[in-house]
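J.: Could you have a look at this structure, given as structure tokens, before my questions?
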Amino acid sequence: MKNIIKTISLLSLVCFSFFYTDKVINMINKKDPLMIKIETIKEKYEVKPVNAVLNEDTIVPGISGKEIDVLKSYEEMKSSGIFREELLVYKSLYPSSLLSSNKDKYIIKGNNDKNKVALLLILNVKDIEKITNNNLTLFLNHKDINIENINKLKTNEIYTYGNNGIYTKESLTSDNSIINRISNNTSKYCLSKEKNKSLLEVCSQNNMYTILPNIIGDYEDIKKEITNGSIILLNNPNNLNIIIKYINSKGYQITPLSNLLKE
């Protein structure tokens with residue numbers, strides 16, 4: 001019994017010693033001019049997150065912010081004792097609602113704070129040779145998803161369009177297996193031209209997001225409706241070069257869908 005008491009007492013003493021030492025070190029660090037400098041400028045470097053916009057069954061994703069991790073930044077600089085901006089360490093500040101918690105909602109746009117847009121195309125394999133821009137986001141029908149086609153298009157993001165817009169658990173499992181294995185992206189988006197509860201449910205149950213483009217059409221539709229964060233579904237690739245030139249001339253950057261929706 002005495003040995004047990006001695007052991008407990010010794011462990012308590014060790015724990016207290018560590019706690020006390022840590023408190024002393026923290027007090028010393030707080031008086032260090034380098035620590036004071038980091039604490040003083042941390043608000044200047046903070047970027048607040050932009051929250052998602054939710055409206056019933058739709059969502060526009062937010063954008064993560066960042067703030068200085070004071071202790072890690074101090075650790076990076078303390079050996080030299082000199083403040084160096086390039087050694088600042090940041091931690092993320094996340095939006096109030098994340099896409100991962102809202103897979104039962106349609107994603108209708110990227111965030112308005114980005115001057116980026118996504119250009120989507122449901123690709124008929126006979127038009128493969130027309131695809132020369134690597135920033136297009138392509139959706140292929142189930143029958144066209146095979147190793148040969150994916151290899152030809154893998155410089156673009158590729159997703160499944162199911163059986164002409166009809167998604168089932170079986171087709172998603174099959175298509176995603178090929179896309180995830182051969183392409184350069186993870187297949188995580190379904191595409192719908194209109195609200196469809198059964199489609200939304202199937203895709204959500206398969207851990208996928210459902211895209212509902214805010215612009216569907218061609219050149220004239222884009223001219224009328226394009227804004228920051230637009231998700232544009234083209235009717236066909238016939239005027240692709242003209243459309244790309246117009247979008248770029250208006251100061252928008254065409255980016256893959258996953259980049260547009262990055263939080």
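Residues in the structure tokens are named by chain (A, B, ... in the order shown) and by number from 1 within that chain; ligands are numbered from 1 in the order shown.
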So which residues touch region 217-220 of chain A within 10 Å, counting only C-alpha atoms, skipping near sequence neighbours fewer than 6 positions away, as JSON, numbers by chain?
T.: {"A": [232, 233, 234, 235, 236, 237, 238, 239, 240, 242, 243, 244, 246, 247]}
J.: Go ahead and write the residues just picked, all heavy atoms, as a short mmCIF file (atom, residue, chain, number, x, y, z; two decimals), in the first residue's frame.
T.:
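Result file follows (part_0.cif):
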```cif
data_model
loop_
_atom_site.label_atom_id
_atom_site.label_comp_id
_atom_site.auth_asym_id
_atom_site.auth_seq_id
_atom_site.Cartn_x
_atom_site.Cartn_y
_atom_site.Cartn_z
N ILE A 232 -22.02 27.51 -65.40
CA ILE A 232 -22.63 27.61 -66.73
C ILE A 232 -22.63 26.24 -67.41
O ILE A 232 -21.57 25.62 -67.58
CB ILE A 232 -21.84 28.60 -67.61
CG1 ILE A 232 -21.73 29.96 -66.91
CG2 ILE A 232 -22.48 28.73 -68.98
CD1 ILE A 232 -20.64 30.85 -67.47
N LEU A 233 -23.80 25.77 -67.79
CA LEU A 233 -23.91 24.52 -68.55
C LEU A 233 -24.20 24.87 -70.00
O LEU A 233 -25.24 25.44 -70.32
CB LEU A 233 -25.03 23.64 -67.98
CG LEU A 233 -25.32 22.36 -68.77
CD1 LEU A 233 -24.09 21.45 -68.83
CD2 LEU A 233 -26.52 21.61 -68.16
N LEU A 234 -23.26 24.53 -70.88
CA LEU A 234 -23.43 24.81 -72.30
C LEU A 234 -24.34 23.77 -72.95
O LEU A 234 -24.31 22.59 -72.60
CB LEU A 234 -22.07 24.78 -73.01
CG LEU A 234 -21.06 25.85 -72.59
CD1 LEU A 234 -19.74 25.63 -73.32
CD2 LEU A 234 -21.59 27.24 -72.86
N ASN A 235 -25.14 24.23 -73.93
CA ASN A 235 -25.98 23.30 -74.67
C ASN A 235 -25.15 22.37 -75.56
O ASN A 235 -25.50 21.21 -75.76
CB ASN A 235 -27.00 24.07 -75.53
CG ASN A 235 -28.12 24.65 -74.69
OD1 ASN A 235 -28.44 24.13 -73.63
ND2 ASN A 235 -28.72 25.73 -75.16
N ASN A 236 -24.06 22.92 -76.10
CA ASN A 236 -23.20 22.14 -76.99
C ASN A 236 -21.86 22.87 -77.11
O ASN A 236 -21.73 24.02 -76.68
CB ASN A 236 -23.84 21.96 -78.37
CG ASN A 236 -24.20 23.28 -79.01
OD1 ASN A 236 -23.32 24.10 -79.32
ND2 ASN A 236 -25.50 23.55 -79.19
N PRO A 237 -20.86 22.23 -77.73
CA PRO A 237 -19.54 22.85 -77.82
C PRO A 237 -19.30 23.66 -79.10
O PRO A 237 -18.18 24.08 -79.38
CB PRO A 237 -18.60 21.63 -77.81
CG PRO A 237 -19.39 20.57 -78.51
CD PRO A 237 -20.83 20.82 -78.17
N ASN A 238 -20.37 23.95 -79.85
CA ASN A 238 -20.20 24.56 -81.17
C ASN A 238 -19.53 25.93 -81.13
O ASN A 238 -18.72 26.26 -81.99
CB ASN A 238 -21.55 24.66 -81.88
CG ASN A 238 -22.12 23.29 -82.22
OD1 ASN A 238 -21.38 22.31 -82.22
ND2 ASN A 238 -23.42 23.21 -82.47
N ASN A 239 -19.89 26.78 -80.17
CA ASN A 239 -19.32 28.12 -80.09
C ASN A 239 -18.33 28.25 -78.94
O ASN A 239 -18.15 29.33 -78.38
CB ASN A 239 -20.45 29.16 -79.92
CG ASN A 239 -21.36 29.21 -81.12
OD1 ASN A 239 -20.91 29.19 -82.26
ND2 ASN A 239 -22.66 29.26 -80.87
N LEU A 240 -17.69 27.16 -78.61
CA LEU A 240 -16.86 27.09 -77.41
C LEU A 240 -15.76 28.15 -77.39
O LEU A 240 -15.58 28.85 -76.39
CB LEU A 240 -16.24 25.69 -77.30
CG LEU A 240 -15.55 25.35 -75.99
CD1 LEU A 240 -16.46 25.59 -74.80
CD2 LEU A 240 -15.08 23.90 -76.01
N ILE A 242 -15.51 31.01 -79.00
CA ILE A 242 -16.08 32.36 -78.90
C ILE A 242 -16.54 32.64 -77.47
O ILE A 242 -16.31 33.73 -76.93
CB ILE A 242 -17.26 32.52 -79.88
CG1 ILE A 242 -16.77 32.41 -81.33
CG2 ILE A 242 -17.98 33.85 -79.66
CD1 ILE A 242 -17.89 32.39 -82.35
N ILE A 243 -17.18 31.65 -76.86
CA ILE A 243 -17.68 31.81 -75.50
C ILE A 243 -16.52 32.01 -74.52
O ILE A 243 -16.57 32.89 -73.65
CB ILE A 243 -18.52 30.57 -75.11
CG1 ILE A 243 -19.85 30.61 -75.86
CG2 ILE A 243 -18.76 30.52 -73.60
CD1 ILE A 243 -20.68 29.33 -75.75
N ILE A 244 -15.48 31.22 -74.67
CA ILE A 244 -14.31 31.33 -73.78
C ILE A 244 -13.67 32.71 -73.92
O ILE A 244 -13.33 33.35 -72.91
CB ILE A 244 -13.29 30.22 -74.08
CG1 ILE A 244 -13.85 28.86 -73.62
CG2 ILE A 244 -11.96 30.50 -73.38
CD1 ILE A 244 -13.02 27.68 -74.03
N TYR A 246 -15.12 35.48 -74.86
CA TYR A 246 -16.01 36.49 -74.29
C TYR A 246 -15.90 36.51 -72.76
O TYR A 246 -15.77 37.58 -72.14
CB TYR A 246 -17.46 36.22 -74.69
CG TYR A 246 -18.44 37.14 -73.98
CD1 TYR A 246 -18.61 38.45 -74.41
CD2 TYR A 246 -19.14 36.71 -72.85
CE1 TYR A 246 -19.47 39.32 -73.74
CE2 TYR A 246 -20.00 37.56 -72.17
CZ TYR A 246 -20.15 38.87 -72.63
OH TYR A 246 -21.00 39.73 -71.96
N ILE A 247 -15.95 35.33 -72.15
CA ILE A 247 -15.87 35.24 -70.68
C ILE A 247 -14.56 35.85 -70.18
O ILE A 247 -14.55 36.63 -69.22
CB ILE A 247 -16.01 33.77 -70.23
CG1 ILE A 247 -17.42 33.27 -70.51
CG2 ILE A 247 -15.68 33.63 -68.74
CD1 ILE A 247 -17.63 31.78 -70.25
#
```
J.: Dump as JSON lines the rows for residues of region 54-120 of chain A within 12 Å of region 190-209 of chain A: closest atom pair and distance in Å with one decimal, only C-alpha atoms counted, ordered by chain and rising residue number.
T.:
```
{"residue": "A:Asp57", "atom": "CA", "partner": "A:Lys195", "partner_atom": "CA", "distance": 9.4}
{"residue": "A:Thr58", "atom": "CA", "partner": "A:Lys195", "partner_atom": "CA", "distance": 9.9}
{"residue": "A:Ile59", "atom": "CA", "partner": "A:Tyr209", "partner_atom": "CA", "distance": 10.8}
{"residue": "A:Pro61", "atom": "CA", "partner": "A:Tyr209", "partner_atom": "CA", "distance": 11.7}
{"residue": "A:Leu98", "atom": "CA", "partner": "A:Tyr209", "partner_atom": "CA", "distance": 12.0}
{"residue": "A:Leu99", "atom": "CA", "partner": "A:Tyr209", "partner_atom": "CA", "distance": 8.2}
{"residue": "A:Ser100", "atom": "CA", "partner": "A:Tyr209", "partner_atom": "CA", "distance": 8.5}
{"residue": "A:Ser101", "atom": "CA", "partner": "A:Tyr209", "partner_atom": "CA", "distance": 10.5}
{"residue": "A:Asn102", "atom": "CA", "partner": "A:Tyr209", "partner_atom": "CA", "distance": 8.5}
{"residue": "A:Lys103", "atom": "CA", "partner": "A:Ser204", "partner_atom": "CA", "distance": 5.4}
{"residue": "A:Asp104", "atom": "CA", "partner": "A:Ser204", "partner_atom": "CA", "distance": 5.9}
{"residue": "A:Lys105", "atom": "CA", "partner": "A:Leu200", "partner_atom": "CA", "distance": 7.5}
{"residue": "A:Tyr106", "atom": "CA", "partner": "A:Tyr209", "partner_atom": "CA", "distance": 7.4}
{"residue": "A:Ile107", "atom": "CA", "partner": "A:Tyr209", "partner_atom": "CA", "distance": 7.4}
{"residue": "A:Ile108", "atom": "CA", "partner": "A:Ser192", "partner_atom": "CA", "distance": 10.3}
{"residue": "A:Leu120", "atom": "CA", "partner": "A:Leu191", "partner_atom": "CA", "distance": 9.5}
```
J.: Would you mind listing what lies within 10 Å of Leu88 (chain A) as a PDB file with C-alpha atoms, in the first residue's frame, with only C-alpha atoms counted and same-chain residues fewer than 5 positions away left out?
T.:
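Contents of the output file around_30.pdb:
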```
ATOM      1  CA  ILE A  38       3.265  38.585 -33.384  1.00  0.00           C
ATOM      2  CA  LYS A  42      -2.138  39.179 -35.839  1.00  0.00           C
ATOM      3  CA  TYR A  45      -3.187  39.410 -41.193  1.00  0.00           C
ATOM      4  CA  GLU A  67      -5.687  33.734 -38.869  1.00  0.00           C
ATOM      5  CA  ILE A  68      -2.180  33.588 -37.474  1.00  0.00           C
ATOM      6  CA  ASP A  69      -1.380  30.651 -35.241  1.00  0.00           C
ATOM      7  CA  VAL A  70       0.555  32.700 -32.685  1.00  0.00           C
ATOM      8  CA  LEU A  71       2.314  29.867 -30.850  1.00  0.00           C
ATOM      9  CA  LYS A  72       3.390  28.000 -34.006  1.00  0.00           C
ATOM     10  CA  SER A  73       4.572  31.233 -35.615  1.00  0.00           C
ATOM     11  CA  TYR A  74       6.592  32.007 -32.502  1.00  0.00           C
ATOM     12  CA  GLU A  75       8.131  28.526 -32.582  1.00  0.00           C
ATOM     13  CA  GLU A  76       9.189  29.076 -36.204  1.00  0.00           C
ATOM     14  CA  MET A  77      10.916  32.384 -35.422  1.00  0.00           C
ATOM     15  CA  PHE A  83      10.190  38.596 -36.888  1.00  0.00           C
TER      16      PHE A  83
END
```
J.: Based on DSSP run over this structure's backbone, return all residues of region 35-102 of chain A in helix (DSSP H, G or I), as JSON, numbers by chain.
T.: {"A": [35, 36, 37, 38, 39, 40, 41, 70, 71, 72, 73, 74, 75, 76, 77, 85, 86, 87, 99, 100, 101]}
J.: Would you tabulate, counting only C-alpha atoms, all residues of region 72-145 of chain A that have an atom at most 12 Å from an atom of region 179-187 of chain A, showing the closest pair of atoms and their distance in Å to one decimal, sorted by chain then ascending number, as JSON lines?
T.:
```
{"residue": "A:Asn134", "atom": "CA", "partner": "A:Asn184", "partner_atom": "CA", "distance": 11.8}
{"residue": "A:Thr137", "atom": "CA", "partner": "A:Asn185", "partner_atom": "CA", "distance": 10.7}
{"residue": "A:Leu138", "atom": "CA", "partner": "A:Ser187", "partner_atom": "CA", "distance": 11.1}
{"residue": "A:Phe139", "atom": "CA", "partner": "A:Ser187", "partner_atom": "CA", "distance": 10.2}
{"residue": "A:Leu140", "atom": "CA", "partner": "A:Ile179", "partner_atom": "CA", "distance": 10.3}
{"residue": "A:His142", "atom": "CA", "partner": "A:Ile179", "partner_atom": "CA", "distance": 10.9}
{"residue": "A:Asp144", "atom": "CA", "partner": "A:Ile179", "partner_atom": "CA", "distance": 11.4}
{"residue": "A:Ile145", "atom": "CA", "partner": "A:Ile179", "partner_atom": "CA", "distance": 7.7}
```
J.: Would you put the residues from that selection into a file with N, CA, C and O atoms, as an mmCIF file, in the first residue's frame?
T.:
```cif
data_model
loop_
_atom_site.group_PDB
_atom_site.id
_atom_site.type_symbol
_atom_site.label_atom_id
_atom_site.label_comp_id
_atom_site.auth_asym_id
_atom_site.auth_seq_id
_atom_site.Cartn_x
_atom_site.Cartn_y
_atom_site.Cartn_z
ATOM 1 N N ASN A 134 -8.341 22.997 -70.993
ATOM 2 C CA ASN A 134 -8.239 22.086 -69.855
ATOM 3 C C ASN A 134 -9.073 22.493 -68.653
ATOM 4 O O ASN A 134 -9.188 21.723 -67.691
ATOM 5 N N THR A 137 -15.230 21.614 -67.430
ATOM 6 C CA THR A 137 -15.665 20.508 -66.585
ATOM 7 C C THR A 137 -16.628 19.658 -67.397
ATOM 8 O O THR A 137 -17.644 20.158 -67.877
ATOM 9 N N LEU A 138 -16.289 18.391 -67.568
ATOM 10 C CA LEU A 138 -17.025 17.525 -68.489
ATOM 11 C C LEU A 138 -17.860 16.487 -67.752
ATOM 12 O O LEU A 138 -17.403 15.874 -66.783
ATOM 13 N N PHE A 139 -19.082 16.299 -68.239
ATOM 14 C CA PHE A 139 -19.952 15.238 -67.735
ATOM 15 C C PHE A 139 -20.211 14.257 -68.871
ATOM 16 O O PHE A 139 -20.606 14.653 -69.973
ATOM 17 N N LEU A 140 -19.966 12.983 -68.619
ATOM 18 C CA LEU A 140 -20.126 11.949 -69.633
ATOM 19 C C LEU A 140 -21.267 11.005 -69.260
ATOM 20 O O LEU A 140 -21.460 10.679 -68.080
ATOM 21 N N HIS A 142 -23.191 7.472 -68.934
ATOM 22 C CA HIS A 142 -22.738 6.177 -68.435
ATOM 23 C C HIS A 142 -22.142 5.304 -69.536
ATOM 24 O O HIS A 142 -21.087 4.684 -69.355
ATOM 25 N N ASP A 144 -20.590 6.085 -72.108
ATOM 26 C CA ASP A 144 -19.339 6.607 -72.660
ATOM 27 C C ASP A 144 -18.187 6.598 -71.659
ATOM 28 O O ASP A 144 -17.078 7.016 -71.984
ATOM 29 N N ILE A 145 -18.475 6.174 -70.442
ATOM 30 C CA ILE A 145 -17.421 6.167 -69.426
ATOM 31 C C ILE A 145 -16.647 4.858 -69.499
ATOM 32 O O ILE A 145 -17.129 3.799 -69.074
#
```
J.: Could you produce a table of the residues of region 104-139 of chain A lying within 7 Å of region 254-261 of chain A, with the nearest pair of atoms per residue and their separation in Å rounded to one decimal, using only C-alpha atoms, ordered by chain and increasing residue number, as a Markdown table?
T.:
```
| residue | atom | partner | partner_atom | distance |
| --- | --- | --- | --- | --- |
| A:Gly110 | CA | A:Leu261 | CA | 5.4 |
| A:Lys116 | CA | A:Ile254 | CA | 5.9 |
| A:Val117 | CA | A:Ile254 | CA | 5.1 |
| A:Ala118 | CA | A:Thr255 | CA | 5.3 |
| A:Leu119 | CA | A:Ile254 | CA | 6.7 |
| A:Asn135 | CA | A:Pro256 | CA | 5.1 |
| A:Leu136 | CA | A:Pro256 | CA | 6.1 |
| A:Thr137 | CA | A:Pro256 | CA | 5.6 |
```
J.: Any chance you could list, as a PDB file with N, CA and C atoms, in the first residue's frame, the residues in region 22-244 of chain A that come up strand (DSSP E) when DSSP is run on the backbone?
T.:
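Once written, out.pdb looks like this:
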```pdb
ATOM      1  N   VAL A  53     -24.389  30.731 -48.331  1.00  0.00           N
ATOM      2  CA  VAL A  53     -25.746  31.273 -48.434  1.00  0.00           C
ATOM      3  C   VAL A  53     -26.701  30.105 -48.644  1.00  0.00           C
ATOM      4  N   LEU A  54     -27.561  29.856 -47.658  1.00  0.00           N
ATOM      5  CA  LEU A  54     -28.539  28.768 -47.739  1.00  0.00           C
ATOM      6  C   LEU A  54     -29.929  29.337 -47.927  1.00  0.00           C
ATOM      7  N   ASN A  55     -30.685  28.720 -48.828  1.00  0.00           N
ATOM      8  CA  ASN A  55     -32.051  29.159 -49.086  1.00  0.00           C
ATOM      9  C   ASN A  55     -32.902  27.931 -49.403  1.00  0.00           C
ATOM     10  N   THR A  58     -31.259  25.058 -51.554  1.00  0.00           N
ATOM     11  CA  THR A  58     -30.085  25.440 -52.351  1.00  0.00           C
ATOM     12  C   THR A  58     -28.986  25.992 -51.446  1.00  0.00           C
ATOM     13  N   ILE A  59     -27.774  25.966 -51.978  1.00  0.00           N
ATOM     14  CA  ILE A  59     -26.636  26.508 -51.236  1.00  0.00           C
ATOM     15  C   ILE A  59     -25.621  27.126 -52.192  1.00  0.00           C
ATOM     16  N   VAL A  60     -25.079  28.246 -51.784  1.00  0.00           N
ATOM     17  CA  VAL A  60     -23.909  28.856 -52.425  1.00  0.00           C
ATOM     18  C   VAL A  60     -22.785  28.745 -51.404  1.00  0.00           C
ATOM     19  N   GLY A  65     -11.507  31.506 -44.280  1.00  0.00           N
ATOM     20  CA  GLY A  65     -10.572  32.585 -43.964  1.00  0.00           C
ATOM     21  C   GLY A  65      -9.347  32.002 -43.280  1.00  0.00           C
ATOM     22  N   LYS A  66      -8.549  32.860 -42.669  1.00  0.00           N
ATOM     23  CA  LYS A  66      -7.364  32.376 -41.968  1.00  0.00           C
ATOM     24  C   LYS A  66      -6.966  33.377 -40.895  1.00  0.00           C
ATOM     25  N   GLU A  67      -6.259  32.881 -39.895  1.00  0.00           N
ATOM     26  CA  GLU A  67      -5.687  33.734 -38.869  1.00  0.00           C
ATOM     27  C   GLU A  67      -4.333  33.169 -38.459  1.00  0.00           C
ATOM     28  N   ILE A  68      -3.513  34.016 -37.883  1.00  0.00           N
ATOM     29  CA  ILE A  68      -2.180  33.588 -37.474  1.00  0.00           C
ATOM     30  C   ILE A  68      -2.274  32.638 -36.286  1.00  0.00           C
ATOM     31  N   TYR A  90      -0.353  29.888 -40.337  1.00  0.00           N
ATOM     32  CA  TYR A  90      -1.777  30.227 -40.285  1.00  0.00           C
ATOM     33  C   TYR A  90      -2.627  28.998 -39.946  1.00  0.00           C
ATOM     34  N   LYS A  91      -3.794  29.271 -39.425  1.00  0.00           N
ATOM     35  CA  LYS A  91      -4.802  28.225 -39.275  1.00  0.00           C
ATOM     36  C   LYS A  91      -6.095  28.710 -39.922  1.00  0.00           C
ATOM     37  N   SER A  92      -6.873  27.762 -40.419  1.00  0.00           N
ATOM     38  CA  SER A  92      -8.070  28.103 -41.195  1.00  0.00           C
ATOM     39  C   SER A  92      -9.231  28.529 -40.299  1.00  0.00           C
ATOM     40  N   LEU A  93     -10.016  29.451 -40.835  1.00  0.00           N
ATOM     41  CA  LEU A  93     -11.290  29.841 -40.226  1.00  0.00           C
ATOM     42  C   LEU A  93     -12.388  29.424 -41.202  1.00  0.00           C
ATOM     43  N   TYR A 106     -29.045  21.654 -53.433  1.00  0.00           N
ATOM     44  CA  TYR A 106     -28.467  21.901 -54.754  1.00  0.00           C
ATOM     45  C   TYR A 106     -27.430  23.014 -54.664  1.00  0.00           C
ATOM     46  N   ILE A 107     -26.285  22.798 -55.245  1.00  0.00           N
ATOM     47  CA  ILE A 107     -25.280  23.866 -55.350  1.00  0.00           C
ATOM     48  C   ILE A 107     -25.595  24.651 -56.620  1.00  0.00           C
ATOM     49  N   LYS A 116     -14.446  34.038 -60.521  1.00  0.00           N
ATOM     50  CA  LYS A 116     -14.284  32.793 -61.268  1.00  0.00           C
ATOM     51  C   LYS A 116     -15.637  32.251 -61.692  1.00  0.00           C
ATOM     52  N   VAL A 117     -15.648  31.496 -62.789  1.00  0.00           N
ATOM     53  CA  VAL A 117     -16.848  30.794 -63.234  1.00  0.00           C
ATOM     54  C   VAL A 117     -16.445  29.389 -63.657  1.00  0.00           C
ATOM     55  N   ALA A 118     -17.407  28.485 -63.656  1.00  0.00           N
ATOM     56  CA  ALA A 118     -17.159  27.127 -64.148  1.00  0.00           C
ATOM     57  C   ALA A 118     -17.969  26.914 -65.420  1.00  0.00           C
ATOM     58  N   LEU A 119     -17.336  26.317 -66.420  1.00  0.00           N
ATOM     59  CA  LEU A 119     -17.968  26.054 -67.711  1.00  0.00           C
ATOM     60  C   LEU A 119     -18.140  24.549 -67.846  1.00  0.00           C
ATOM     61  N   LEU A 120     -19.396  24.105 -67.832  1.00  0.00           N
ATOM     62  CA  LEU A 120     -19.720  22.683 -67.845  1.00  0.00           C
ATOM     63  C   LEU A 120     -20.231  22.268 -69.218  1.00  0.00           C
ATOM     64  N   LEU A 121     -19.978  21.022 -69.560  1.00  0.00           N
ATOM     65  CA  LEU A 121     -20.437  20.499 -70.847  1.00  0.00           C
ATOM     66  C   LEU A 121     -20.770  19.023 -70.695  1.00  0.00           C
ATOM     67  N   ILE A 122     -21.973  18.654 -71.128  1.00  0.00           N
ATOM     68  CA  ILE A 122     -22.323  17.237 -71.228  1.00  0.00           C
ATOM     69  C   ILE A 122     -21.781  16.773 -72.579  1.00  0.00           C
ATOM     70  N   LEU A 123     -20.738  15.993 -72.557  1.00  0.00           N
ATOM     71  CA  LEU A 123     -19.964  15.726 -73.763  1.00  0.00           C
ATOM     72  C   LEU A 123     -20.425  14.476 -74.493  1.00  0.00           C
ATOM     73  N   THR A 137     -15.230  21.614 -67.430  1.00  0.00           N
ATOM     74  CA  THR A 137     -15.665  20.508 -66.585  1.00  0.00           C
ATOM     75  C   THR A 137     -16.628  19.658 -67.397  1.00  0.00           C
ATOM     76  N   LEU A 138     -16.289  18.391 -67.568  1.00  0.00           N
ATOM     77  CA  LEU A 138     -17.025  17.525 -68.489  1.00  0.00           C
ATOM     78  C   LEU A 138     -17.860  16.487 -67.752  1.00  0.00           C
ATOM     79  N   PHE A 139     -19.082  16.299 -68.239  1.00  0.00           N
ATOM     80  CA  PHE A 139     -19.952  15.238 -67.735  1.00  0.00           C
ATOM     81  C   PHE A 139     -20.211  14.257 -68.871  1.00  0.00           C
ATOM     82  N   LEU A 140     -19.966  12.983 -68.619  1.00  0.00           N
ATOM     83  CA  LEU A 140     -20.126  11.949 -69.633  1.00  0.00           C
ATOM     84  C   LEU A 140     -21.267  11.005 -69.260  1.00  0.00           C
ATOM     85  N   GLU A 157     -11.482  18.028 -65.696  1.00  0.00           N
ATOM     86  CA  GLU A 157     -12.251  17.337 -64.668  1.00  0.00           C
ATOM     87  C   GLU A 157     -13.388  16.580 -65.345  1.00  0.00           C
ATOM     88  N   ILE A 158     -13.613  15.342 -64.902  1.00  0.00           N
ATOM     89  CA  ILE A 158     -14.619  14.477 -65.522  1.00  0.00           C
ATOM     90  C   ILE A 158     -15.557  13.939 -64.447  1.00  0.00           C
ATOM     91  N   TYR A 159     -16.859  13.990 -64.750  1.00  0.00           N
ATOM     92  CA  TYR A 159     -17.868  13.444 -63.844  1.00  0.00           C
ATOM     93  C   TYR A 159     -18.905  12.677 -64.660  1.00  0.00           C
ATOM     94  N   THR A 160     -19.708  11.900 -63.968  1.00  0.00           N
ATOM     95  CA  THR A 160     -20.734  11.120 -64.644  1.00  0.00           C
ATOM     96  C   THR A 160     -22.042  11.902 -64.780  1.00  0.00           C
ATOM     97  N   TYR A 189     -19.481  15.039 -58.027  1.00  0.00           N
ATOM     98  CA  TYR A 189     -20.609  15.888 -58.408  1.00  0.00           C
ATOM     99  C   TYR A 189     -21.559  15.170 -59.359  1.00  0.00           C
ATOM    100  N   CYS A 190     -22.853  15.309 -59.072  1.00  0.00           N
ATOM    101  CA  CYS A 190     -23.910  14.950 -60.023  1.00  0.00           C
ATOM    102  C   CYS A 190     -24.381  16.247 -60.676  1.00  0.00           C
ATOM    103  N   LEU A 191     -25.059  16.117 -61.797  1.00  0.00           N
ATOM    104  CA  LEU A 191     -25.530  17.300 -62.530  1.00  0.00           C
ATOM    105  C   LEU A 191     -27.009  17.166 -62.832  1.00  0.00           C
ATOM    106  N   TYR A 209     -22.350  15.570 -54.294  1.00  0.00           N
ATOM    107  CA  TYR A 209     -23.054  16.848 -54.331  1.00  0.00           C
ATOM    108  C   TYR A 209     -23.813  16.970 -55.656  1.00  0.00           C
ATOM    109  N   THR A 210     -24.925  17.686 -55.615  1.00  0.00           N
ATOM    110  CA  THR A 210     -25.720  17.884 -56.831  1.00  0.00           C
ATOM    111  C   THR A 210     -25.595  19.324 -57.312  1.00  0.00           C
ATOM    112  N   ILE A 211     -25.188  19.466 -58.559  1.00  0.00           N
ATOM    113  CA  ILE A 211     -25.014  20.782 -59.181  1.00  0.00           C
ATOM    114  C   ILE A 211     -26.259  21.153 -59.978  1.00  0.00           C
ATOM    115  N   ILE A 215     -26.852  29.058 -65.022  1.00  0.00           N
ATOM    116  CA  ILE A 215     -27.001  29.442 -66.432  1.00  0.00           C
ATOM    117  C   ILE A 215     -26.957  28.164 -67.273  1.00  0.00           C
ATOM    118  N   ILE A 216     -27.983  27.964 -68.085  1.00  0.00           N
ATOM    119  CA  ILE A 216     -27.999  26.860 -69.045  1.00  0.00           C
ATOM    120  C   ILE A 216     -28.304  27.456 -70.411  1.00  0.00           C
ATOM    121  N   GLY A 217     -27.401  27.267 -71.370  1.00  0.00           N
ATOM    122  CA  GLY A 217     -27.653  27.853 -72.689  1.00  0.00           C
ATOM    123  C   GLY A 217     -26.388  28.021 -73.490  1.00  0.00           C
ATOM    124  N   ILE A 231     -22.130  29.088 -62.501  1.00  0.00           N
ATOM    125  CA  ILE A 231     -21.946  27.726 -63.005  1.00  0.00           C
ATOM    126  C   ILE A 231     -22.740  27.653 -64.300  1.00  0.00           C
ATOM    127  N   ILE A 232     -22.023  27.507 -65.400  1.00  0.00           N
ATOM    128  CA  ILE A 232     -22.626  27.606 -66.730  1.00  0.00           C
ATOM    129  C   ILE A 232     -22.627  26.238 -67.409  1.00  0.00           C
ATOM    130  N   LEU A 233     -23.799  25.766 -67.790  1.00  0.00           N
ATOM    131  CA  LEU A 233     -23.913  24.525 -68.546  1.00  0.00           C
ATOM    132  C   LEU A 233     -24.201  24.866 -70.001  1.00  0.00           C
ATOM    133  N   LEU A 234     -23.262  24.529 -70.881  1.00  0.00           N
ATOM    134  CA  LEU A 234     -23.431  24.805 -72.302  1.00  0.00           C
ATOM    135  C   LEU A 234     -24.344  23.773 -72.951  1.00  0.00           C
TER     136      LEU A 234
END
```
J.: Rounded to one decimal in Å, what is the spacing between CA of Asn241 (chain A) and CA of Asn149 (chain A)?
T.: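 Going from CA of Asn241 (chain A) over to CA of Asn149 (chain A) covers 21.9 Å.
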J.: Between CA of Ile178 (chain A) and CA of Lys126 (chain A), what distance in Å does the model show, to one decimal?
T.: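 So the two atoms, CA of Ile178 (chain A) and CA of Lys126 (chain A), lie 20.1 Å apart.
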J.: What gap, in Å, lies between CA of Ile226 (chain A) and CA of Lys130 (chain A)?
T.: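 For CA of Ile226 (chain A) relative to CA of Lys130 (chain A), the distance reads 23.1 Å.
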